[in-house]
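A.B. asks: If it helps, the file is called final_20.cif and holds mmCIF, C-alpha atoms:
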```cif
data_coords
#
loop_
_atom_site.label_atom_id
_atom_site.label_comp_id
_atom_site.auth_asym_id
_atom_site.auth_seq_id
_atom_site.Cartn_x
_atom_site.Cartn_y
_atom_site.Cartn_z
CA MET L 996 11.23 -43.06 -42.01
CA ALA L 997 9.80 -39.55 -42.36
CA THR L 998 6.43 -39.19 -44.01
CA PRO L 999 6.76 -37.16 -47.24
CA ALA L 1000 4.90 -33.86 -47.43
CA PRO L 1001 1.61 -34.07 -49.27
CA PRO L 1002 1.98 -32.80 -52.83
CA GLY L 1003 0.29 -29.68 -54.13
CA ILE L 1004 0.37 -27.66 -50.86
CA ASP L 1005 1.59 -24.06 -51.02
CA TRP L 1006 3.38 -23.89 -47.65
CA GLN L 1007 4.07 -20.17 -47.92
CA LEU L 1008 0.37 -19.52 -48.51
CA LEU L 1009 -0.45 -21.70 -45.51
CA VAL L 1010 1.98 -19.79 -43.28
CA ASP L 1011 0.68 -16.47 -44.60
CA ARG L 1012 -2.84 -17.39 -43.55
CA LEU L 1013 -1.90 -18.16 -39.96
CA PRO L 1014 -3.55 -15.68 -37.52
CA CYS L 1015 -0.18 -14.82 -35.98
CA ALA L 1016 3.16 -13.41 -37.09
CA VAL L 1017 5.70 -16.15 -37.88
CA VAL L 1018 9.43 -15.83 -38.53
CA ALA L 1019 12.35 -18.26 -38.52
CA PHE L 1020 16.10 -17.52 -38.42
CA ASP L 1021 18.91 -20.00 -39.08
CA ALA L 1022 21.95 -20.67 -36.92
CA ALA L 1023 23.76 -17.72 -38.56
CA ASP L 1024 20.89 -15.37 -37.63
CA ARG L 1025 19.65 -15.05 -41.21
CA LEU L 1026 15.96 -14.94 -41.98
CA VAL L 1027 14.69 -18.22 -43.43
CA VAL L 1028 10.97 -17.63 -43.70
CA CYS L 1029 8.28 -15.25 -42.46
CA ASN L 1030 4.64 -14.62 -43.21
CA GLU L 1031 2.59 -11.62 -44.28
CA GLU L 1032 1.53 -10.82 -40.71
CA PHE L 1033 5.19 -10.48 -39.72
CA ARG L 1034 5.82 -8.14 -42.66
CA ARG L 1035 2.71 -6.12 -41.82
CA LEU L 1036 3.99 -5.51 -38.32
CA HIS L 1037 7.15 -3.99 -39.78
CA GLY L 1038 5.21 -1.60 -42.03
CA PRO L 1039 7.75 0.38 -44.13
CA LEU L 1040 10.26 -2.48 -43.93
CA ALA L 1041 7.99 -5.05 -45.55
CA GLY L 1042 9.71 -4.86 -48.92
CA ALA L 1043 13.15 -5.43 -47.37
CA ILE L 1044 12.18 -8.44 -45.34
CA GLU L 1045 13.28 -11.34 -47.49
CA PRO L 1046 15.07 -14.66 -46.85
CA GLY L 1047 18.74 -14.09 -46.07
CA LEU L 1048 18.22 -10.79 -44.23
CA ALA L 1049 20.44 -10.73 -41.14
CA PHE L 1050 18.72 -10.20 -37.82
CA GLU L 1051 21.09 -7.32 -37.04
CA SER L 1052 20.17 -5.67 -40.34
CA LEU L 1053 16.49 -6.00 -39.47
CA LEU L 1054 17.18 -4.26 -36.15
CA ARG L 1055 19.08 -1.40 -37.81
CA LEU L 1056 16.31 -0.92 -40.35
CA SER L 1057 13.79 -0.83 -37.49
CA VAL L 1058 15.79 1.90 -35.74
CA GLU L 1059 16.18 3.86 -38.98
CA HIS L 1060 12.42 3.83 -39.64
CA GLY L 1061 11.40 4.71 -36.09
CA LEU L 1062 10.03 1.27 -35.22
CA ALA L 1063 12.16 0.96 -32.07
CA PRO L 1064 11.44 4.04 -29.91
CA GLU L 1065 13.01 2.32 -26.90
CA ALA L 1066 16.37 2.56 -28.71
CA THR L 1067 16.30 6.35 -28.99
CA GLY L 1068 19.54 7.87 -27.73
CA ARG L 1069 21.28 4.49 -27.36
CA GLU L 1070 20.83 2.95 -30.78
CA GLU L 1071 24.13 1.04 -31.00
CA ALA L 1072 23.85 -0.31 -27.45
CA TRP L 1073 20.26 -1.38 -28.11
CA VAL L 1074 21.21 -3.23 -31.30
CA ALA L 1075 24.13 -4.95 -29.55
CA GLU L 1076 21.90 -6.05 -26.65
CA ARG L 1077 19.21 -7.42 -28.96
CA VAL L 1078 21.75 -9.27 -31.12
CA ALA L 1079 23.40 -10.84 -28.07
CA ALA L 1080 20.03 -11.92 -26.69
CA HIS L 1081 18.96 -13.32 -30.07
CA ARG L 1082 22.10 -15.42 -30.38
CA ALA L 1083 21.58 -17.03 -27.01
CA PRO L 1084 19.77 -20.36 -27.41
CA PRO L 1085 16.10 -19.83 -26.54
CA ALA L 1086 14.34 -21.98 -24.03
CA ASP L 1087 11.69 -24.08 -25.69
CA GLY L 1088 8.47 -22.10 -25.54
CA ALA L 1089 10.08 -18.98 -24.02
CA THR L 1090 7.50 -16.19 -24.01
CA THR L 1091 7.82 -12.42 -23.74
CA VAL L 1092 5.34 -9.58 -24.11
CA ARG L 1093 6.46 -6.56 -26.13
CA ARG L 1094 4.91 -3.17 -26.74
CA LEU L 1095 4.84 -1.94 -30.33
CA PRO L 1096 5.37 1.71 -31.31
CA ASP L 1097 1.64 2.07 -32.03
CA GLY L 1098 0.86 1.14 -28.42
CA ARG L 1099 -0.35 -2.38 -29.10
CA TRP L 1100 1.09 -5.44 -27.37
CA ARG L 1101 2.30 -8.75 -28.79
CA ARG L 1102 3.07 -12.00 -26.99
CA VAL L 1103 6.16 -13.54 -28.62
CA THR L 1104 6.91 -17.24 -28.24
CA GLU L 1105 10.25 -18.65 -29.38
CA THR L 1106 11.49 -22.19 -29.76
CA PRO L 1107 14.87 -23.58 -30.96
CA LEU L 1108 15.16 -25.29 -34.33
CA PRO L 1109 17.18 -28.44 -35.10
CA GLY L 1110 20.69 -27.49 -36.16
CA GLY L 1111 20.48 -24.05 -34.60
CA GLY L 1112 18.31 -21.07 -35.30
CA ARG L 1113 14.92 -20.31 -33.90
CA LEU L 1114 11.27 -20.10 -34.75
CA ALA L 1115 9.17 -17.29 -33.31
CA PHE L 1116 5.51 -16.45 -33.56
CA SER L 1117 3.55 -13.65 -31.98
CA VAL L 1118 -0.09 -12.82 -31.37
CA ASP L 1119 -1.83 -9.57 -30.47
CA VAL L 1120 -2.61 -9.48 -26.76
CA THR L 1121 -3.50 -5.79 -26.48
CA GLU L 1122 -6.99 -6.47 -25.17
CA LEU L 1123 -5.65 -8.94 -22.61
CA VAL L 1124 -2.99 -6.48 -21.44
CA GLN L 1125 -5.61 -3.74 -21.22
CA ARG L 1126 -7.88 -5.98 -19.16
CA GLN L 1127 -4.99 -6.82 -16.87
CA THR L 1128 -4.16 -3.12 -16.56
CA ASP L 1129 -7.79 -2.27 -15.85
CA LEU L 1130 -7.95 -5.07 -13.28
CA ALA L 1131 -4.75 -3.85 -11.61
CA GLN L 1132 -6.13 -0.30 -11.47
CA LEU L 1133 -9.42 -1.59 -10.09
CA ASN L 1134 -7.59 -3.62 -7.44
CA SER L 1135 -5.55 -0.54 -6.56
CA ARG L 1136 -8.69 1.57 -6.18
CA LEU L 1137 -10.32 -1.16 -4.11
CA GLU L 1138 -7.26 -1.31 -1.87
CA GLU L 1139 -7.32 2.47 -1.47
CA ALA L 1140 -11.01 2.29 -0.61
CA ARG L 1141 -10.34 -0.52 1.87
CA VAL L 1142 -7.64 1.54 3.57
CA ARG L 1143 -9.93 4.57 3.72
CA LEU L 1144 -12.80 2.51 5.12
CA GLU L 1145 -10.50 0.92 7.67
CA ALA L 1146 -9.30 4.37 8.71
CA ILE L 1147 -12.90 5.57 8.99
CA SER L 1148 -13.88 2.50 11.00
CA GLU L 1149 -11.06 3.23 13.48
CA THR L 1150 -11.59 6.99 13.76
CA ASP L 1151 -13.91 8.74 16.18
CA ALA L 1152 -16.38 10.71 14.06
CA LEU L 1153 -16.65 13.65 16.48
CA THR L 1154 -13.04 14.26 17.49
CA GLY L 1155 -11.11 12.83 14.52
CA ILE L 1156 -8.76 10.82 16.74
CA ALA L 1157 -8.64 7.04 17.15
CA ASN L 1158 -11.81 5.41 18.42
CA ARG L 1159 -12.30 2.61 20.95
CA ARG L 1160 -11.98 -0.08 18.25
CA HIS L 1161 -8.62 1.31 17.18
CA PHE L 1162 -7.47 1.59 20.78
CA ASP L 1163 -8.48 -2.00 21.60
CA ARG L 1164 -6.55 -3.31 18.59
CA ARG L 1165 -3.42 -1.35 19.45
CA LEU L 1166 -3.62 -2.38 23.09
CA ARG L 1167 -3.72 -6.06 22.06
CA GLU L 1168 -0.74 -5.50 19.78
CA GLU L 1169 1.31 -3.74 22.45
CA TRP L 1170 0.45 -6.42 25.02
CA SER L 1171 1.45 -9.17 22.60
CA ARG L 1172 4.70 -7.36 21.81
CA LEU L 1173 5.42 -7.02 25.52
CA GLN L 1174 4.91 -10.75 26.05
CA ARG L 1175 7.01 -11.77 23.05
CA HIS L 1176 9.86 -9.28 23.22
CA GLY L 1177 9.60 -7.59 26.60
CA THR L 1178 8.93 -4.24 24.92
CA GLY L 1179 7.30 -2.14 27.61
CA PHE L 1180 4.61 0.49 27.29
CA ALA L 1181 2.47 2.73 29.47
CA LEU L 1182 -1.26 3.39 29.47
CA LEU L 1183 -2.92 6.64 30.57
CA LEU L 1184 -6.67 7.17 31.02
CA ALA L 1185 -7.79 10.81 31.09
CA ASP L 1186 -11.24 12.06 32.07
CA ILE L 1187 -12.70 15.57 31.73
CA ASP L 1188 -13.59 16.77 35.20
CA HIS L 1189 -17.29 17.46 35.79
CA PHE L 1190 -18.20 17.16 32.14
CA LYS L 1191 -21.89 16.58 32.90
CA ARG L 1192 -21.96 19.95 34.63
CA TYR L 1193 -20.28 21.46 31.57
CA ASN L 1194 -23.00 20.08 29.30
CA ASP L 1195 -25.75 21.23 31.66
CA ARG L 1196 -24.33 24.76 31.82
CA HIS L 1197 -23.07 25.30 28.27
CA GLY L 1198 -25.22 22.91 26.22
CA HIS L 1199 -24.43 19.74 24.31
CA GLN L 1200 -23.18 21.54 21.20
CA ALA L 1201 -20.60 23.34 23.30
CA GLY L 1202 -19.88 19.98 24.93
CA ASP L 1203 -19.07 18.47 21.56
CA GLN L 1204 -16.75 21.39 20.79
CA CYS L 1205 -15.10 20.91 24.17
CA LEU L 1206 -14.45 17.23 23.40
CA GLN L 1207 -12.90 18.21 20.07
CA ARG L 1208 -10.59 20.78 21.66
CA VAL L 1209 -9.54 18.37 24.40
CA ALA L 1210 -8.81 15.69 21.77
CA ASN L 1211 -6.70 18.16 19.80
CA GLY L 1212 -4.79 19.12 22.92
CA LEU L 1213 -4.09 15.50 23.81
CA ALA L 1214 -3.01 14.75 20.25
CA ARG L 1215 -0.47 17.58 20.44
CA CYS L 1216 0.90 16.05 23.64
CA ALA L 1217 1.56 12.75 21.85
CA GLN L 1218 4.88 13.75 20.37
CA ARG L 1219 6.21 10.38 19.18
CA PRO L 1220 4.89 8.69 16.02
CA ALA L 1221 4.06 5.47 17.88
CA ASP L 1222 2.04 7.21 20.61
CA LEU L 1223 -1.71 6.75 20.29
CA VAL L 1224 -4.44 9.06 21.56
CA ALA L 1225 -7.95 7.61 21.43
CA ARG L 1226 -11.42 8.49 22.58
CA TYR L 1227 -12.10 5.75 25.07
CA GLY L 1228 -15.74 6.57 25.67
CA GLY L 1229 -17.86 9.62 26.46
CA GLU L 1230 -15.55 12.23 27.99
CA GLU L 1231 -12.76 9.72 28.65
CA PHE L 1232 -9.59 9.42 26.57
CA ALA L 1233 -6.78 6.91 26.47
CA LEU L 1234 -3.10 7.30 25.62
CA LEU L 1235 -0.86 4.38 24.69
CA LEU L 1236 2.84 5.17 25.07
CA PRO L 1237 5.10 2.44 23.61
CA HIS L 1238 8.58 2.10 25.16
CA ALA L 1239 7.64 4.43 28.03
CA ASP L 1240 8.87 3.67 31.56
CA ARG L 1241 7.37 5.04 34.78
CA ASN L 1242 9.24 8.35 34.55
CA GLY L 1243 8.18 8.79 30.92
CA ALA L 1244 4.57 7.99 31.77
CA ALA L 1245 4.57 10.43 34.70
CA THR L 1246 6.04 13.19 32.54
CA GLN L 1247 3.44 12.64 29.83
CA ALA L 1248 0.60 12.52 32.36
CA MET L 1249 1.64 15.85 33.87
CA ARG L 1250 2.03 17.32 30.40
CA VAL L 1251 -1.55 16.33 29.60
CA VAL L 1252 -2.91 17.96 32.77
CA ALA L 1253 -0.88 21.10 32.11
CA ALA L 1254 -2.00 21.27 28.47
CA LEU L 1255 -5.66 21.54 29.50
CA ASP L 1256 -4.80 24.20 32.09
CA ALA L 1257 -2.96 26.16 29.40
CA ALA L 1258 -5.89 25.85 26.98
CA ALA L 1259 -8.10 27.59 29.59
CA LEU L 1260 -11.40 26.43 28.10
CA PRO L 1261 -14.01 28.18 30.28
CA HIS L 1262 -16.07 25.90 32.52
CA GLY L 1263 -18.94 27.79 34.13
CA ASP L 1264 -19.83 25.17 36.71
CA SER L 1265 -16.65 23.42 37.87
CA PRO L 1266 -15.75 23.30 41.54
CA VAL L 1267 -12.16 22.53 40.52
CA ALA L 1268 -11.20 25.51 38.36
CA PRO L 1269 -12.79 28.17 36.17
CA HIS L 1270 -11.68 26.22 33.12
CA VAL L 1271 -11.88 22.64 31.83
CA THR L 1272 -9.48 20.30 33.63
CA LEU L 1273 -8.41 16.68 33.36
CA SER L 1274 -7.83 13.87 35.81
CA VAL L 1275 -5.35 11.22 34.65
CA GLY L 1276 -4.62 7.71 35.84
CA GLY L 1277 -1.66 5.78 34.49
CA VAL L 1278 0.10 2.47 34.69
CA VAL L 1279 3.20 0.89 33.19
CA ALA L 1280 2.44 -2.55 31.76
CA ASP L 1281 3.99 -5.40 33.74
CA PRO L 1282 3.00 -9.02 32.99
CA THR L 1283 4.02 -10.05 36.50
CA ARG L 1284 1.41 -7.65 37.93
CA HIS L 1285 -1.20 -7.56 35.19
CA GLY L 1286 -2.41 -10.87 33.85
CA ASP L 1287 -3.85 -9.48 30.64
CA GLU L 1288 -5.00 -6.29 28.90
CA GLN L 1289 -8.18 -6.13 30.95
CA ALA L 1290 -6.21 -6.24 34.21
CA LEU L 1291 -4.01 -3.44 32.85
CA LEU L 1292 -7.08 -1.34 32.02
CA ALA L 1293 -8.49 -2.00 35.47
CA ALA L 1294 -5.24 -0.78 37.05
CA ALA L 1295 -5.27 2.41 34.98
CA ASP L 1296 -8.93 2.97 35.82
CA ALA L 1297 -8.19 2.52 39.52
CA ALA L 1298 -5.41 5.13 39.25
CA LEU L 1299 -7.85 7.49 37.51
CA TYR L 1300 -10.37 6.94 40.32
CA ARG L 1301 -7.69 7.88 42.86
CA ALA L 1302 -6.90 11.07 40.93
CA LYS L 1303 -10.56 12.04 41.12
CA ALA L 1304 -10.82 11.09 44.78
CA GLU L 1305 -7.77 13.21 45.63
CA GLY L 1306 -9.36 16.35 44.19
CA ARG L 1307 -9.15 15.98 40.38
CA ARG L 1308 -6.99 18.11 38.02
CA ARG L 1309 -4.04 15.83 38.67
CA ALA L 1310 -2.30 12.66 37.55
CA VAL L 1311 -1.84 9.50 39.59
CA LEU L 1312 0.26 6.51 38.50
CA ASP L 1313 -0.40 2.99 39.78
#
```
Represent the structure of the file as structure tokens.
C.D. replies:
Amino acid sequence: MATPAPPGIDWQLLVDRLPCAVVAFDAADRLVVCNEEFRRLHGPLAGAIEPGLAFESLLRLSVEHGLAPEATGREEAWVAERVAAHRAPPADGATTVRRLPDGRWRRVTETPLPGGGRLAFSVDVTELVQRQTDLAQLNSRLEEARVRLEAISETDALTGIANRRHFDRRLREEWSRLQRHGTGFALLLADIDHFKRYNDRHGHQAGDQCLQRVANGLARCAQRPADLVARYGGEEFALLLPHADRNGAATQAMRVVAALDAAALPHGDSPVAPHVTLSVGGVVADPTRHGDEQALLAAADAALYRAKAEGRRRAVLD
């Protein structure tokens, strides 16, 4: 047996004093009860919001008084969509967040009533939404900063190309891809011929400029997006060439040597040529010949040593 309501309680006054907007509609979508907070939210409509008002009529009044800016240009479609959604039985405790015309946000919670209809109440969550927005923006800025720092940490400060850390990471990735999928790649090591003599003759500032110009020239030779040019150390550079076979590696190696000849950077103390030249050693990765990345590097370095021993200003492939 239901417990009778205590006498002498003004239920409308009690509902009006709730710190949230409350409204109930019956099974025919007619307003049963609402409180002052709900009326306040509807501003110029407050006087028209009385028991018996159809939900569709409330929507049309909202459009007429500019309280539904999202309906602009598609008023009838918007009303039809809202009516259809309102007539669908709500899930118990279904919650949505809606933006009001004044820019504030409300969290609306709906629950079905016995015999049909629904009860809804909403609370202002503007500050919460703003905090979430601020947090999302902060996270975005932090992610941008992380990406920038990562790029800085993998970029050679002098030449602006990839540094040794970046190269080592990419080499591990390419080696792992080769082992998993058989995707081949080639590795070239390039060394500026007689760079110590260049520094001694032209000075270290000119040497730094020489390294920058060589790096730029090598970067222009790397024509495919996946190709990587890195400063390997000192006056030595490395090129990773994904999907390159022996012919592709040889072509790229000769292109690198020719690019430095074409640049014609004067070298006042080179026994090889009157300009800066490169020696290049290359190898195509092969797990049956190279046990790991270090063995691959050793093979490329051995090919570079042969290029130097054979007179420099040339490319030798292992």
A.B. asks: Name the residues captured by the PyMOL selection byres ((chain L and resi 1056) around 12) when it is applied to the shown file; answer as a list of chain:residue names.
C.D. replies: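 Going through the file, the PyMOL selection byres ((chain L and resi 1056) around 12) ends up selecting L:His1037, L:Gly1038, L:Pro1039, L:Leu1040, L:Ala1041, L:Gly1042, L:Ala1043, L:Ile1044, L:Leu1048, L:Ala1049, L:Phe1050, L:Glu1051, L:Ser1052, L:Leu1053, L:Leu1054, L:Arg1055, L:Ser1057, L:Val1058, L:Glu1059, L:His1060, L:Gly1061, L:Leu1062, L:Ala1063, L:Glu1070, L:Val1074.
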A.B. asks: Go ahead and write the residues just picked, C-alpha atoms, as an mmCIF file, in the frame of the given file.
C.D. replies:
```
data_model
loop_
_atom_site.group_PDB
_atom_site.id
_atom_site.type_symbol
_atom_site.label_atom_id
_atom_site.label_comp_id
_atom_site.auth_asym_id
_atom_site.auth_seq_id
_atom_site.Cartn_x
_atom_site.Cartn_y
_atom_site.Cartn_z
ATOM 1 C CA HIS L 1037 7.150 -3.990 -39.780
ATOM 2 C CA GLY L 1038 5.210 -1.600 -42.030
ATOM 3 C CA PRO L 1039 7.750 0.380 -44.130
ATOM 4 C CA LEU L 1040 10.260 -2.480 -43.930
ATOM 5 C CA ALA L 1041 7.990 -5.050 -45.550
ATOM 6 C CA GLY L 1042 9.710 -4.860 -48.920
ATOM 7 C CA ALA L 1043 13.150 -5.430 -47.370
ATOM 8 C CA ILE L 1044 12.180 -8.440 -45.340
ATOM 9 C CA LEU L 1048 18.220 -10.790 -44.230
ATOM 10 C CA ALA L 1049 20.440 -10.730 -41.140
ATOM 11 C CA PHE L 1050 18.720 -10.200 -37.820
ATOM 12 C CA GLU L 1051 21.090 -7.320 -37.040
ATOM 13 C CA SER L 1052 20.170 -5.670 -40.340
ATOM 14 C CA LEU L 1053 16.490 -6.000 -39.470
ATOM 15 C CA LEU L 1054 17.180 -4.260 -36.150
ATOM 16 C CA ARG L 1055 19.080 -1.400 -37.810
ATOM 17 C CA SER L 1057 13.790 -0.830 -37.490
ATOM 18 C CA VAL L 1058 15.790 1.900 -35.740
ATOM 19 C CA GLU L 1059 16.180 3.860 -38.980
ATOM 20 C CA HIS L 1060 12.420 3.830 -39.640
ATOM 21 C CA GLY L 1061 11.400 4.710 -36.090
ATOM 22 C CA LEU L 1062 10.030 1.270 -35.220
ATOM 23 C CA ALA L 1063 12.160 0.960 -32.070
ATOM 24 C CA GLU L 1070 20.830 2.950 -30.780
ATOM 25 C CA VAL L 1074 21.210 -3.230 -31.300
#
```
A.B. asks: Spell out the residues picked by the PyMOL selection byres ((chain L and resi 1224-1228) around 12) here, as an MDAnalysis selection string.
C.D. replies: chainID L and resid 1149:1166 1182:1187 1206:1207 1209:1223 1229:1237 1247 1251 1292 1296
A.B. asks: For a test of reading the model, state the distance in Å between atom CA of Arg1025 of chain L and atom CA of Gly1112 of chain L, rounded to one decimal.
C.D. replies: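 Separating atom CA of Arg1025 of chain L from atom CA of Gly1112 of chain L is a distance of 8.5 Å.
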A.B. asks: Applied to the shown file, which residues does the PyMOL selection byres ((chain L and resi 1089) around 8) return, written as a list in words?
C.D. replies: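 When the PyMOL selection byres ((chain L and resi 1089) around 8) is applied to the shown file, the picked residues are Pro1085, Ala1086, Asp1087, Gly1088, Thr1090, Thr1091, Thr1104, Glu1105 and Thr1106 of chain L.
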A.B. asks: Pick out the closest residue to Val1267 of chain L from this set: L:Arg1309, L:Ala1254, L:Pro1282, L:Arg1172. Count only C-alpha atoms.
C.D. replies: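 Using only C-alpha atoms, Val1267 of chain L sits closest to L:Arg1309.
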A.B. asks: Taking only C-alpha atoms into account, name the residue in L:Val1118, L:Leu1095, L:Ala1257, L:Leu1173 that is nearest to Leu1013 of chain L.
C.D. replies: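 Of the candidates, the smallest distance to Leu1013 of chain L is held by L:Val1118.
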A.B. asks: Just how far from atom CA of Asp1097 of chain L is atom CA of Leu1123 of chain L, in Å to one decimal?
C.D. replies: 16.2 Å
A.B. asks: Could you list, with a cut-off of 10 Å and counting only C-alpha atoms, the residues of segment 1148-1222 of chain L near segment 1268-1271 of chain L, each shown with its nearest atom pair and the distance in Å rounded to one decimal, rows sorted by chain and ascending number, as JSON lines?
C.D. replies:
```
{"residue": "L:Ile1187", "atom": "CA", "partner": "L:Val1271", "partner_atom": "CA", "distance": 7.1}
{"residue": "L:Asp1188", "atom": "CA", "partner": "L:Val1271", "partner_atom": "CA", "distance": 7.0}
{"residue": "L:His1189", "atom": "CA", "partner": "L:Val1271", "partner_atom": "CA", "distance": 8.5}
{"residue": "L:Phe1190", "atom": "CA", "partner": "L:Val1271", "partner_atom": "CA", "distance": 8.4}
{"residue": "L:Tyr1193", "atom": "CA", "partner": "L:Val1271", "partner_atom": "CA", "distance": 8.5}
{"residue": "L:Cys1205", "atom": "CA", "partner": "L:Val1271", "partner_atom": "CA", "distance": 8.5}
{"residue": "L:Val1209", "atom": "CA", "partner": "L:Val1271", "partner_atom": "CA", "distance": 8.9}
```
A.B. asks: Just to confirm, what's the straight-line distance from atom CA of Glu1031 of chain L to atom CA of Arg1077 of chain L in Å (one decimal)?
C.D. replies: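 These atoms are spaced 23.0 Å apart.
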A.B. asks: Please provide as a list in words all residues within 8 Å of Val1311 of chain L, with the sequence filter that same-chain residues fewer than 2 positions apart are discarded (counting all atoms listed in the file).
C.D. replies: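 With the cut-off at 8 Å, the set is Val1275, Gly1276, Gly1277, Ala1298, Leu1299, Arg1301, Ala1302, Arg1309 and Asp1313 of chain L.
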A.B. asks: Pick the closest to Pro1261 of chain L from L:Ala1304, L:Ala1201, L:Val1010, L:Thr1246: which is it, counting all atoms listed in the file?
C.D. replies: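 Of the candidates, the smallest distance to Pro1261 of chain L is held by L:Ala1201.
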A.B. asks: Give me the residues within 7 Å of Arg1101 of chain L as a list in words, counting all atoms listed in the file and dropping any in the same chain fewer than 4 places off.
C.D. replies: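 Using all atoms listed in the file, the neighbours found are Val1092, Arg1093, Arg1094, Ser1117, Val1118, Asp1119, Val1120 and Thr1121 of chain L.
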